[in-house]
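A.B. asks: Following this message is one structure expressed as structure tokens.
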Protein chains: 2
Amino acid sequence: MMRERKLVNRLATCFVAALAAVLLAGSARAEDGYNLWLRYVPLEGVQADAIRPFLGRGVQLLADRSPTIDAASSELGRAGTTMVGASDSPHPRLVLALADRLEAGGYPADNRLAGAPIGAFSIRRVRNGRIAIAANDDIGLLYGVFAFLRHVQANASLEGVEQFSAPAMPLRMLNHWDNPDGHVERGYAGRSIFDWWHLPEQLDPRMIDYARANASVGINGAVVNNVNARAFMLEPRYIAKLKRLADAWRPYGIRVYLSARFSAPRDVGGLATADPLDAAVRRWWKARADEIYTAIPDFGGFLVKADSEGQPGPQDYGRTHAEGANMLAEAVGPRGTIIWRAFVYSAVNSSDRAKQAYDEFMPLDGQFARNVIVQVKNGPIDFQPREPFHPLFGAMPKTKLMLEVQVTKEYLGFSSHLAFLGPMWAEVLRAATGRGATVAQVVAPAGMAGVANTGSNRNWTGSDFDQANWYAFGRLAWDPSLSSVAIAREWTSQTFTRAPEAVEPIVALMLASREAVVRYMTPLGLSHLMGTGHHYGPAPWVCDLPRPEWNPCYYHRADVDGIGFDRTATGSGALTQYAPPIAAKWSDLDTIDPNYLLWFHHVRWDHKLAGGRSLWERLIAEYDCGVAEADSFARTWSGLSRYIDSERYRAVAERLQIQHREARWWRDASVAYWQSLNGLPLPEGVEPPAESLEHYKSLTFPEAPGQ
Amino acid sequence: MMRERKLVNRLATCFVAALAAVLLAGSARAEDGYNLWLRYVPLEGVQADAIRPFLGRGVQLLADRSPTIDAASSELGRAGTTMVGASDSPHPRLVLALADRLEAGGYPADNRLAGAPIGAFSIRRVRNGRIAIAANDDIGLLYGVFAFLRHVQANASLEGVEQFSAPAMPLRMLNHWDNPDGHVERGYAGRSIFDWWHLPEQLDPRMIDYARANASVGINGAVVNNVNARAFMLEPRYIAKLKRLADAWRPYGIRVYLSARFSAPRDVGGLATADPLDAAVRRWWKARADEIYTAIPDFGGFLVKADSEGQPGPQDYGRTHAEGANMLAEAVGPRGTIIWRAFVYSAVNSSDRAKQAYDEFMPLDGQFARNVIVQVKNGPIDFQPREPFHPLFGAMPKTKLMLEVQVTKEYLGFSSHLAFLGPMWAEVLRAATGRGATVAQVVAPAGMAGVANTGSNRNWTGSDFDQANWYAFGRLAWDPSLSSVAIAREWTSQTFTRAPEAVEPIVALMLASREAVVRYMTPLGLSHLMGTGHHYGPAPWVCDLPRPEWNPCYYHRADVDGIGFDRTATGSGALTQYAPPIAAKWSDLDTIDPNYLLWFHHVRWDHKLAGGRSLWERLIAEYDCGVAEADSFARTWSGLSRYIDSERYRAVAERLQIQHREARWWRDASVAYWQSLNGLPLPEGVEPPAESLEHYKSLTFPEAPGQ
């Protein structure tokens, strides 16, 4: 009996140990990523004490109550409760003040706010150790509160919180390619976050958290449906749904926009035509716009994809893009904006798909109505891992142009691969057009749109790191001069940990990530080598699809002698669409940025590049470098487990394993295919592909998401 | 200046009040429903003190460590930490013991466990104030722990925790109609919870919480893909993914099953035929099964939908269902089970769709291999709000039959309407087949399958109350004798609140809910009047689709004289498929249960029912009663706001508004249509339909989910 008791006790002891381990795991599970960068992790000790007076209950308000002010106070309350514990402060030391009430409140005016754009704010230390957030408008106060909380979260300190900040462009928008049935085109994070089926009666609490997240980075508009639009979303049933969203988002400064199907007058309006010059068509759109504005006085307007990829448009009636856009602009009038996409991809084959938008739109410069914006993708093809900037930027001085980037990673490994896109967007924003302005300056009067990466997944974006792209989009649209390092650092500090020994390696990993994807997928200016349709995985060999530009071989043009698309004046001529200084620099194999080499040139495999290596050797080196970088991401992350909660640590680690494997797959399949064309041996010491080319060709992915 | 200060102070005060309100709302947001009925809400005071010794750290373990025991300890740790605060107890008072170790541990044996089925457990008070959970196997201990926690959560007390419990049937399974691309057929809770795209590298933490939820109610199997299956899921790429799930679920006693496409040998096997008597076909399936069992030794087996709704099957080769099923049974051998669905719905029109399964399967009784189970839906048509039990139950004594019910509410208003299905399933389980056994007794040797209602929504099931159907399915499969009241009460206490003044009205609402749906959608035995395709909303007028049984008019057969489907011996004869005593009782208009009246009879509008009212009057009364009940649900709920966290309170309230509106829509559209046929006036005092019949006919729902 005694012996048995001992056995029992031993087992019980062992059991207690197991339990303790399990409890730790259990407590970490709470981090499901839902709170994004608005986690408000508790502060402790002196850090908490220093910040409590500014985040306790109470604040001095020099503004009237409004839904936006309530949203700001709600956010302060939420942050205060969680970060420092709610406490009543008899002498609140945080001041929220409209600029024109500062002096009445006994604080100095802030001249920087005079004439500043909507949403601008300042954060200053004022008398008695107080901090004043000031703005010309309520939304500026909300943005200021979010900036204040961002600083506190990222630094656990008020040091350096003082700032003046104003948005660089008026429209900072997400475009959702979400269908009303819940499918998200190019969505890799589950179903749509918009529950049209239960609207207007039911408003998912996610819709408030979505608005909070957007407002926290300055995003102020959302196109809620796919540019491949369904016409029935213009009907009264949907206007009621849209109104519920608009009402919920208004306090956060988010305006609702709708993608409109150009043929709606025929599809749902009972008309025989959608000709933009037809009087009945114009009346129909005017009536629709009036219905919408009656329900939603601050409705943003329509986004239109016309005459592209099978979508209807004015060209169906022999009219121009300008005639189509202006008809809609007249319908909404000064109440809203028509955003007209320049991404045209017609069913008629042109010599070079990259030239089409410029050819169609540049001649229309000056013909668009005042409230029309032409929305131009960052590059002339379609959201590739790297593209040169779009030649339309700078080429339409009499037209408002808006920059469209893709936050969802259609061509960069979906949500499965880690790729921080801040550096990619900074690259295009800072590109000099050669016509006297950077792209950021060109789009400053209009704005920037990002194709959203949100979905029904608990963490919103499918992978934890893809949250950073949503974040970076908003931050760059607000301030294109922000460095990717700064954005990555503040995001990481808020999202994962403030420990510098973890923040710095994570930031380094993020900054290297997009370049790594370029290297293992499409180095040296290659593009569009992904499997046609789903755009996942390598398929450079595909060359048998009916339309030339559906085939990866159309883009790489590789043969026994060389590789690349000759877009010089003697080739497709696409390079001539750029400003002369740019065109001249990029025409020359010796002066072109190697990142764009094969985008603009067909280059012999044995061509010697700067540094002495042949193109073939350099290409292989790029692939190997990309693979090595992907490997290093997994290694870096594996050293960080003690800084990250177990659930997100494991989720990231597992996705990095996928990236590790698939980077090699991209490299091996590509190398095997190029070798099948050029018959060249691999440079000394280079590992041959793991499998045969036939193996890579045999892989199929009928269940690939987002199609 | 003084005046201004006062103004400022007044504003500040007002602001503090607003903040406080906001903080309350903020704290309640945490209840997003993700934790289901495993919330482990903190106990306080004497309640916590009484339970702490049983839930503190430490437990006396009379079993060896195993993944299942670790899962049990993990659950105890999670519950203990949250409910009573973790504490070290020098004298743990909870004992987990395998039955054959009880006496060695100094506790009395429990004779009830001798010979009990796998998973049985007992909870007893033993010496020194201890409570012992005992079982013959580890999974029984896990089930016992969940039963213990259920009791503690529901009662905040250990009083009455003593129990002996054994599962009534060996297989308690969920069938997921989830496609590998993430779409869920008849899914109303978002995308699939299975992330095939990232498996096997990435295991979503949801997969563990899914297993916990299932194990907590005794569910022990999951068919992870749609019965309309894709053949590629039998390939090695998918076996690796399946293995990761099986490994994750094994500790929780969940076995993995796969829906198999019968034509797979042709689709992906490169064979010219899928004839089950072909030797190459048989070898192919054997090889697939061997591959799977090498990776997953406890793989459950295959579920097959054959020769139904366009799916391939043995009849394509002139073979019987038994020949098809037995071929697969041979391939898996004693390692697993073939579950063959009796839901056959062939493209060849029969006189009465309700007769088809019986006609095809009854003659095959005795021809199925030992490891084949025939899975029969609860009723002869297709998951209607009410159906009589399926005539196959009791009619195939030499065949194992399994009951299939639908947890997802394809025909009961999706996740938008509240309908607690416990009473519906109890109705079929307890139905006397007239052949010496209830349905529950017929299926006891096999099991029960529920078509899952899970999805990517944060709360798993789209609406909070639909969690109750997942819960009730598991509880009833474990013990079909459980009352719906008891299930509703324990679910509510765990999920919402233990306050009796809230629990009792919620339980009353739940118990009335399914009958309300029957009344406002398909009263008195009507069926299948939903819009064809999406199955949402009333469309009794649809009568022009190419196949007769695609049309609601096929099912109601209403005309100027009467309504209902004559399935008596002089009609379609479907009633003659039932045992003679049942058939006799239901043949007679005076003795038939009015719930099945129009299912089996075509009845004149002016036919006088018991009580003296005409059928027409009674029908109207049923509709009005259903609408009134739906209204009362919304009223009941509106009185409960102080008991429920704000997020879930509002979500339920908003869905009840939808149900309120749509109950009226169902009633009005149906009444308007019947009136258009029979020309009868409405009884005195009855409200006419709100809109014209044409209005109801004009409604379309192109975005309806789940198709």
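Just so we're on the same page: first chain in the structure tokens is A, next is B, and so on; residues restart at 1 for each chain, and ligands are numbered from 1 in the order they show up.
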Excluding B:Lys400 and residues on its chain fewer than 5 positions from it, collect all residues at most 9 Å away from it, counting only C-alpha atoms, and give them as a list of chain:residue names.
C.D. replies: B:Phe368, B:Arg370, B:Asn371, B:Val372, B:Ile373, B:Val374, B:Gln375, B:Val442, B:Val443, B:Ala444, B:Pro445, B:Ala446, B:Gly447
A.B. asks: For the selection you just gave me, I'd like the residues written to a file as a compact mmCIF listing (two decimals), in the first residue's frame, keeping N, CA, C and O atoms.
C.D. replies:
```
# COMPACT_ATOMS: atom_id res chain seq x y z
N PHE B 368 -24.85 -6.13 -47.76
CA PHE B 368 -23.69 -5.24 -47.48
C PHE B 368 -22.67 -5.94 -46.58
O PHE B 368 -23.01 -6.71 -45.68
N ARG B 370 -19.76 -6.45 -43.70
CA ARG B 370 -19.84 -6.15 -42.27
C ARG B 370 -19.41 -4.72 -41.93
O ARG B 370 -19.93 -4.11 -41.00
N ASN B 371 -18.42 -4.23 -42.64
CA ASN B 371 -17.91 -2.89 -42.31
C ASN B 371 -18.51 -1.80 -43.20
O ASN B 371 -17.89 -0.77 -43.44
N VAL B 372 -19.73 -2.08 -43.67
CA VAL B 372 -20.48 -1.04 -44.39
C VAL B 372 -21.64 -0.58 -43.52
O VAL B 372 -22.31 -1.39 -42.89
N ILE B 373 -21.83 0.72 -43.49
CA ILE B 373 -22.98 1.31 -42.83
C ILE B 373 -23.74 2.11 -43.88
O ILE B 373 -23.13 2.83 -44.67
N VAL B 374 -25.06 1.94 -43.89
CA VAL B 374 -25.87 2.76 -44.79
C VAL B 374 -26.39 3.97 -43.99
O VAL B 374 -26.98 3.80 -42.93
N GLN B 375 -26.09 5.15 -44.50
CA GLN B 375 -26.43 6.38 -43.79
C GLN B 375 -27.72 6.97 -44.37
O GLN B 375 -27.77 7.32 -45.53
N VAL B 442 -32.72 1.50 -33.69
CA VAL B 442 -32.27 0.97 -34.98
C VAL B 442 -30.82 1.38 -35.26
O VAL B 442 -30.01 0.57 -35.73
N VAL B 443 -30.49 2.63 -34.96
CA VAL B 443 -29.15 3.11 -35.33
C VAL B 443 -28.12 2.89 -34.24
O VAL B 443 -26.93 3.17 -34.44
N ALA B 444 -28.55 2.37 -33.09
CA ALA B 444 -27.62 2.20 -31.96
C ALA B 444 -26.36 1.40 -32.32
O ALA B 444 -25.26 1.74 -31.85
N PRO B 445 -26.43 0.36 -33.13
CA PRO B 445 -25.18 -0.36 -33.46
C PRO B 445 -24.26 0.43 -34.39
O PRO B 445 -23.09 0.05 -34.56
N ALA B 446 -24.76 1.48 -35.01
CA ALA B 446 -23.93 2.23 -35.97
C ALA B 446 -23.65 3.63 -35.42
O ALA B 446 -22.61 3.86 -34.81
N GLY B 447 -24.57 4.55 -35.61
CA GLY B 447 -24.29 5.89 -35.11
C GLY B 447 -25.16 6.95 -35.72
O GLY B 447 -26.21 6.67 -36.30
```
A.B. asks: Which polymer residues have any atom within 9 Å of an atom of stretch 220-227 of chain B, counting only C-alpha atoms, with same-chain residues fewer than 6 positions away left out, as a ChimeraX atom specification?
C.D. replies: /B:170-180,184-185,194,211,214,233,242,252-261,300-305,449
A.B. asks: I want to know what sits within 12 Å of B:Gln707, based on only C-alpha atoms, with residues of the same chain fewer than 4 positions away left out; could you give that as a ChimeraX atom specification?
C.D. replies: /A:181-182 /B:177-179,183-188,410,414,531-536,701-703
A.B. asks: Next, dump the selected residues to file, keeping only N, CA, C and O atoms, as a tab-separated table (two decimals), in the first residue's frame.
C.D. replies:
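This went into part-v6.tsv:
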```tsv
chain	number	residue	atom	x	y	z
A	181	ASP	N	-21.44	37.72	-52.76
A	181	ASP	CA	-21.66	36.37	-52.21
A	181	ASP	C	-20.57	35.97	-51.21
A	181	ASP	O	-20.58	34.86	-50.71
A	182	GLY	N	-19.64	36.87	-50.92
A	182	GLY	CA	-18.65	36.60	-49.89
A	182	GLY	C	-17.30	36.14	-50.44
A	182	GLY	O	-16.32	36.11	-49.70
B	177	TRP	N	-19.56	19.50	-45.34
B	177	TRP	CA	-19.74	19.66	-46.79
B	177	TRP	C	-18.82	20.76	-47.29
B	177	TRP	O	-19.23	21.69	-47.98
B	178	ASP	N	-17.56	20.64	-46.93
B	178	ASP	CA	-16.56	21.67	-47.22
B	178	ASP	C	-15.74	21.27	-48.44
B	178	ASP	O	-15.19	20.16	-48.49
B	179	ASN	N	-15.68	22.15	-49.40
B	179	ASN	CA	-14.86	21.89	-50.58
B	179	ASN	C	-13.41	22.28	-50.30
B	179	ASN	O	-13.14	23.15	-49.48
B	183	HIS	N	-14.96	26.75	-50.03
B	183	HIS	CA	-16.41	26.97	-50.08
B	183	HIS	C	-17.12	25.86	-49.31
B	183	HIS	O	-16.74	24.70	-49.40
B	184	VAL	N	-18.12	26.24	-48.55
B	184	VAL	CA	-18.90	25.26	-47.81
B	184	VAL	C	-20.30	25.17	-48.42
B	184	VAL	O	-21.05	26.15	-48.40
B	185	GLU	N	-20.62	24.01	-48.98
B	185	GLU	CA	-21.95	23.83	-49.53
B	185	GLU	C	-22.94	23.86	-48.38
B	185	GLU	O	-22.77	23.16	-47.38
B	186	ARG	N	-23.95	24.68	-48.52
B	186	ARG	CA	-24.95	24.88	-47.45
B	186	ARG	C	-24.30	25.36	-46.16
B	186	ARG	O	-24.74	25.00	-45.07
B	187	GLY	N	-23.25	26.13	-46.32
B	187	GLY	CA	-22.57	26.70	-45.16
B	187	GLY	C	-22.99	28.15	-44.98
B	187	GLY	O	-22.98	28.91	-45.95
B	188	TYR	N	-23.32	28.51	-43.77
B	188	TYR	CA	-23.82	29.87	-43.50
B	188	TYR	C	-23.00	30.54	-42.42
B	188	TYR	O	-23.49	31.37	-41.67
B	410	GLU	N	-30.07	24.41	-43.79
B	410	GLU	CA	-30.30	24.68	-45.20
B	410	GLU	C	-31.74	25.12	-45.47
B	410	GLU	O	-31.98	26.00	-46.30
B	414	PHE	N	-31.30	29.32	-42.76
B	414	PHE	CA	-29.86	29.51	-42.68
B	414	PHE	C	-29.46	29.84	-41.23
B	414	PHE	O	-30.13	29.44	-40.29
B	531	GLY	N	-37.26	28.72	-52.13
B	531	GLY	CA	-36.75	29.05	-53.45
B	531	GLY	C	-35.77	27.97	-53.92
B	531	GLY	O	-34.86	27.58	-53.19
B	532	THR	N	-35.98	27.49	-55.13
B	532	THR	CA	-35.14	26.42	-55.66
B	532	THR	C	-33.70	26.90	-55.80
B	532	THR	O	-33.45	28.03	-56.18
B	533	GLY	N	-32.77	26.04	-55.46
B	533	GLY	CA	-31.36	26.39	-55.58
B	533	GLY	C	-30.81	26.84	-54.24
B	533	GLY	O	-30.17	26.08	-53.54
B	534	HIS	N	-31.17	28.10	-53.86
B	534	HIS	CA	-30.58	28.59	-52.60
B	534	HIS	C	-31.37	28.12	-51.38
B	534	HIS	O	-30.84	28.10	-50.29
B	535	HIS	N	-32.65	27.76	-51.58
B	535	HIS	CA	-33.47	27.25	-50.48
B	535	HIS	C	-33.74	28.31	-49.41
B	535	HIS	O	-33.87	27.99	-48.24
B	536	TYR	N	-33.79	29.56	-49.85
B	536	TYR	CA	-34.05	30.64	-48.90
B	536	TYR	C	-35.33	31.35	-49.31
B	536	TYR	O	-35.50	31.71	-50.47
B	701	PHE	N	-32.42	36.70	-55.02
B	701	PHE	CA	-31.30	36.72	-54.08
B	701	PHE	C	-30.06	36.10	-54.71
B	701	PHE	O	-29.64	35.02	-54.33
B	702	PRO	N	-29.51	36.79	-55.70
B	702	PRO	CA	-28.38	36.19	-56.42
B	702	PRO	C	-27.17	35.93	-55.54
B	702	PRO	O	-26.30	35.15	-55.90
B	703	GLU	N	-27.11	36.59	-54.39
B	703	GLU	CA	-25.94	36.46	-53.54
B	703	GLU	C	-26.17	35.52	-52.37
B	703	GLU	O	-25.38	35.47	-51.43
```
A.B. asks: Of the candidates B:Ala72, B:Val503, B:Ile131, B:Ala287, which one gets nearest to chain A if we count only C-alpha atoms?
C.D. replies: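 Checking each of B:Ala72, B:Val503, B:Ile131, B:Ala287 against chain A, counting only C-alpha atoms, the winner is B:Ala72.
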A.B. asks: Quick one, how far is atom CA of A:Thr636 from atom CA of A:Arg650?
C.D. replies: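 That distance, rounded to one decimal, is 13.4 Å.
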A.B. asks: Tell me, which residues of stretch 247-290 of chain A carry DSSP strand (DSSP E), written as a PyMOL selection string?
C.D. replies: chain A and resi 255-259
A.B. asks: Produce a file of the selected residues containing C-alpha atoms, as a compact mmCIF listing (two decimals), in the first residue's frame.
C.D. replies:
```txt
# COMPACT_ATOMS: atom_id res chain seq x y z
CA ARG A 255 -16.42 57.24 -46.64
CA VAL A 256 -18.13 54.48 -48.55
CA TYR A 257 -17.58 54.04 -52.27
CA LEU A 258 -19.13 51.53 -54.63
CA SER A 259 -17.74 49.82 -57.70
```
A.B. asks: Mind checking which residues fall within 7 Å of B:Gly434, counting only C-alpha atoms, ignoring those fewer than 6 positions away in the same chain, and posting them as an NGL selection string?
C.D. replies: :B and (579 or 581-582)
A.B. asks: If you measure from atom CA of B:Gly612 to atom CA of B:Trp599, what distance in Å do you get, rounded to one decimal?
C.D. replies: 20.9 Å
A.B. asks: For the atom pair atom CA of A:Gly77 and atom CA of A:Gly58, what is the interatomic distance in Å to one decimal place?
C.D. replies: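 So the two atoms, atom CA of A:Gly77 and atom CA of A:Gly58, lie 8.7 Å apart.
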A.B. asks: Write out as a PyMOL selection string each polymer residue whose atoms come within 10 Å of A:Trp284, counting only C-alpha atoms; drop sequence neighbours fewer than 5 positions from it.
C.D. replies: chain A and resi 264-265+269-271+274+278-279+289-290+331
A.B. asks: Could you pull the residues within 10 Å of A:Ser493, counting only C-alpha atoms, minus those fewer than 2 positions along the same chain, as a list in words?
C.D. replies: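 Here the answer would be Trp37, Arg150, His151, Gln153, Ala154, Asn155, Ala156, Ile487, Ala488, Arg489, Glu490, Trp491, Thr495, Phe496, Thr497, Arg498, Ala499, Pro500, Ala502, Val503, Glu504, Ile506 and Val507 of chain A.
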A.B. asks: Next, write the just-selected residues to a file, as a PDB file, in the first residue's frame, keeping N, CA and C atoms as the atom set.
C.D. replies:
```pdb
ATOM      1  N   TRP A  37      -2.611  45.901 -34.719  1.00  0.00           N
ATOM      2  CA  TRP A  37      -1.587  46.681 -34.036  1.00  0.00           C
ATOM      3  C   TRP A  37      -2.197  47.517 -32.900  1.00  0.00           C
ATOM      4  N   ARG A 150      -0.192  55.296 -30.833  1.00  0.00           N
ATOM      5  CA  ARG A 150       0.848  54.582 -31.575  1.00  0.00           C
ATOM      6  C   ARG A 150       2.205  54.822 -30.926  1.00  0.00           C
ATOM      7  N   HIS A 151       2.456  56.082 -30.605  1.00  0.00           N
ATOM      8  CA  HIS A 151       3.742  56.407 -29.984  1.00  0.00           C
ATOM      9  C   HIS A 151       3.878  55.704 -28.627  1.00  0.00           C
ATOM     10  N   GLN A 153       2.348  53.036 -27.536  1.00  0.00           N
ATOM     11  CA  GLN A 153       2.490  51.586 -27.704  1.00  0.00           C
ATOM     12  C   GLN A 153       3.889  51.213 -28.174  1.00  0.00           C
ATOM     13  N   ALA A 154       4.394  51.990 -29.115  1.00  0.00           N
ATOM     14  CA  ALA A 154       5.669  51.609 -29.734  1.00  0.00           C
ATOM     15  C   ALA A 154       6.853  51.899 -28.825  1.00  0.00           C
ATOM     16  N   ASN A 155       6.691  52.898 -27.948  1.00  0.00           N
ATOM     17  CA  ASN A 155       7.851  53.349 -27.167  1.00  0.00           C
ATOM     18  C   ASN A 155       7.718  53.188 -25.663  1.00  0.00           C
ATOM     19  N   ALA A 156       6.503  52.925 -25.205  1.00  0.00           N
ATOM     20  CA  ALA A 156       6.259  52.843 -23.764  1.00  0.00           C
ATOM     21  C   ALA A 156       6.765  54.099 -23.066  1.00  0.00           C
ATOM     22  N   ILE A 487       8.432  52.448 -40.479  1.00  0.00           N
ATOM     23  CA  ILE A 487       7.101  51.821 -40.481  1.00  0.00           C
ATOM     24  C   ILE A 487       7.195  50.409 -39.913  1.00  0.00           C
ATOM     25  N   ALA A 488       8.174  49.664 -40.369  1.00  0.00           N
ATOM     26  CA  ALA A 488       8.327  48.288 -39.887  1.00  0.00           C
ATOM     27  C   ALA A 488       8.583  48.277 -38.383  1.00  0.00           C
ATOM     28  N   ARG A 489       9.373  49.241 -37.916  1.00  0.00           N
ATOM     29  CA  ARG A 489       9.719  49.237 -36.499  1.00  0.00           C
ATOM     30  C   ARG A 489       8.501  49.575 -35.643  1.00  0.00           C
ATOM     31  N   GLU A 490       7.758  50.578 -36.046  1.00  0.00           N
ATOM     32  CA  GLU A 490       6.598  50.940 -35.210  1.00  0.00           C
ATOM     33  C   GLU A 490       5.524  49.859 -35.280  1.00  0.00           C
ATOM     34  N   TRP A 491       5.380  49.240 -36.444  1.00  0.00           N
ATOM     35  CA  TRP A 491       4.391  48.153 -36.554  1.00  0.00           C
ATOM     36  C   TRP A 491       4.798  46.972 -35.667  1.00  0.00           C
ATOM     37  N   THR A 495       2.780  45.370 -32.661  1.00  0.00           N
ATOM     38  CA  THR A 495       2.118  44.118 -33.001  1.00  0.00           C
ATOM     39  C   THR A 495       2.714  42.916 -32.283  1.00  0.00           C
ATOM     40  N   PHE A 496       4.026  42.917 -32.104  1.00  0.00           N
ATOM     41  CA  PHE A 496       4.658  41.738 -31.511  1.00  0.00           C
ATOM     42  C   PHE A 496       5.277  42.013 -30.138  1.00  0.00           C
ATOM     43  N   THR A 497       6.239  42.894 -30.130  1.00  0.00           N
ATOM     44  CA  THR A 497       6.982  43.123 -28.884  1.00  0.00           C
ATOM     45  C   THR A 497       7.780  44.406 -29.014  1.00  0.00           C
ATOM     46  N   ARG A 498       8.066  45.034 -27.861  1.00  0.00           N
ATOM     47  CA  ARG A 498       8.934  46.213 -27.877  1.00  0.00           C
ATOM     48  C   ARG A 498      10.394  45.860 -27.617  1.00  0.00           C
ATOM     49  N   ALA A 499      10.661  44.588 -27.291  1.00  0.00           N
ATOM     50  CA  ALA A 499      12.039  44.221 -26.947  1.00  0.00           C
ATOM     51  C   ALA A 499      12.947  44.458 -28.151  1.00  0.00           C
ATOM     52  N   PRO A 500      13.938  45.354 -28.020  1.00  0.00           N
ATOM     53  CA  PRO A 500      14.770  45.694 -29.186  1.00  0.00           C
ATOM     54  C   PRO A 500      15.482  44.485 -29.771  1.00  0.00           C
ATOM     55  N   ALA A 502      14.365  41.721 -30.240  1.00  0.00           N
ATOM     56  CA  ALA A 502      13.470  41.034 -31.169  1.00  0.00           C
ATOM     57  C   ALA A 502      13.031  41.973 -32.296  1.00  0.00           C
ATOM     58  N   VAL A 503      12.791  43.232 -31.950  1.00  0.00           N
ATOM     59  CA  VAL A 503      12.313  44.178 -32.962  1.00  0.00           C
ATOM     60  C   VAL A 503      13.320  44.294 -34.102  1.00  0.00           C
ATOM     61  N   GLU A 504      14.592  44.423 -33.755  1.00  0.00           N
ATOM     62  CA  GLU A 504      15.570  44.688 -34.813  1.00  0.00           C
ATOM     63  C   GLU A 504      15.690  43.534 -35.805  1.00  0.00           C
ATOM     64  N   ILE A 506      13.404  41.355 -36.513  1.00  0.00           N
ATOM     65  CA  ILE A 506      12.143  41.273 -37.261  1.00  0.00           C
ATOM     66  C   ILE A 506      12.101  42.351 -38.339  1.00  0.00           C
ATOM     67  N   VAL A 507      12.532  43.559 -37.976  1.00  0.00           N
ATOM     68  CA  VAL A 507      12.543  44.644 -38.956  1.00  0.00           C
ATOM     69  C   VAL A 507      13.496  44.308 -40.105  1.00  0.00           C
TER      70      VAL A 507
END
```
A.B. asks: So, counting only C-alpha atoms, which residue among A:Leu76, A:Ile339, A:Val59, A:Ala426 is closest to A:Val95?
C.D. replies: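 Looking at the shortest contact to A:Val95, the residue is A:Val59.
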A.B. asks: Would you mind listing what lies within 12 Å of A:Asn678 as a PyMOL selection string, with only C-alpha atoms counted and same-chain residues fewer than 3 positions away left out?
C.D. replies: chain A and resi 558-563+604-606+616+671-675+681-682
A.B. asks: Please return, as a ChimeraX atom specification, all residues of stretch 190-235 of chain A that DSSP assigns to helix (DSSP H, G or I) on the basis of the backbone.
C.D. replies: /A:206-216,231-234
A.B. asks: With C-alpha atoms kept, could you save the residues just selected as a PDB file, in the first residue's frame?
C.D. replies:
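Saved file out39.pdb follows:
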```
ATOM      1  CA  ARG A 206     -15.848  43.652 -37.146  1.00  0.00           C
ATOM      2  CA  MET A 207     -17.127  46.632 -39.087  1.00  0.00           C
ATOM      3  CA  ILE A 208     -16.303  48.898 -36.163  1.00  0.00           C
ATOM      4  CA  ASP A 209     -12.916  47.311 -35.605  1.00  0.00           C
ATOM      5  CA  TYR A 210     -12.249  47.632 -39.319  1.00  0.00           C
ATOM      6  CA  ALA A 211     -12.987  51.346 -39.123  1.00  0.00           C
ATOM      7  CA  ARG A 212     -10.801  51.723 -36.046  1.00  0.00           C
ATOM      8  CA  ALA A 213      -7.892  49.983 -37.750  1.00  0.00           C
ATOM      9  CA  ASN A 214      -8.259  52.122 -40.856  1.00  0.00           C
ATOM     10  CA  ALA A 215      -8.589  55.371 -38.965  1.00  0.00           C
ATOM     11  CA  SER A 216      -5.566  54.494 -36.861  1.00  0.00           C
ATOM     12  CA  ALA A 231     -25.099  45.659 -61.060  1.00  0.00           C
ATOM     13  CA  PHE A 232     -27.664  44.654 -58.435  1.00  0.00           C
ATOM     14  CA  MET A 233     -25.598  46.383 -55.777  1.00  0.00           C
ATOM     15  CA  LEU A 234     -26.989  49.666 -57.130  1.00  0.00           C
TER      16      LEU A 234
END
```
A.B. asks: For chain A, which of B:Pro391, B:Gly413, B:Gly611, B:Pro276 is the closest residue, counting only C-alpha atoms?
C.D. replies: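 Result for the nearest residue to chain A: B:Gly413.
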A.B. asks: With distances taken over only C-alpha atoms, which of A:Tyr293, A:Tyr317, A:Phe121, A:Trp460 is nearest to chain B?
C.D. replies: A:Trp460
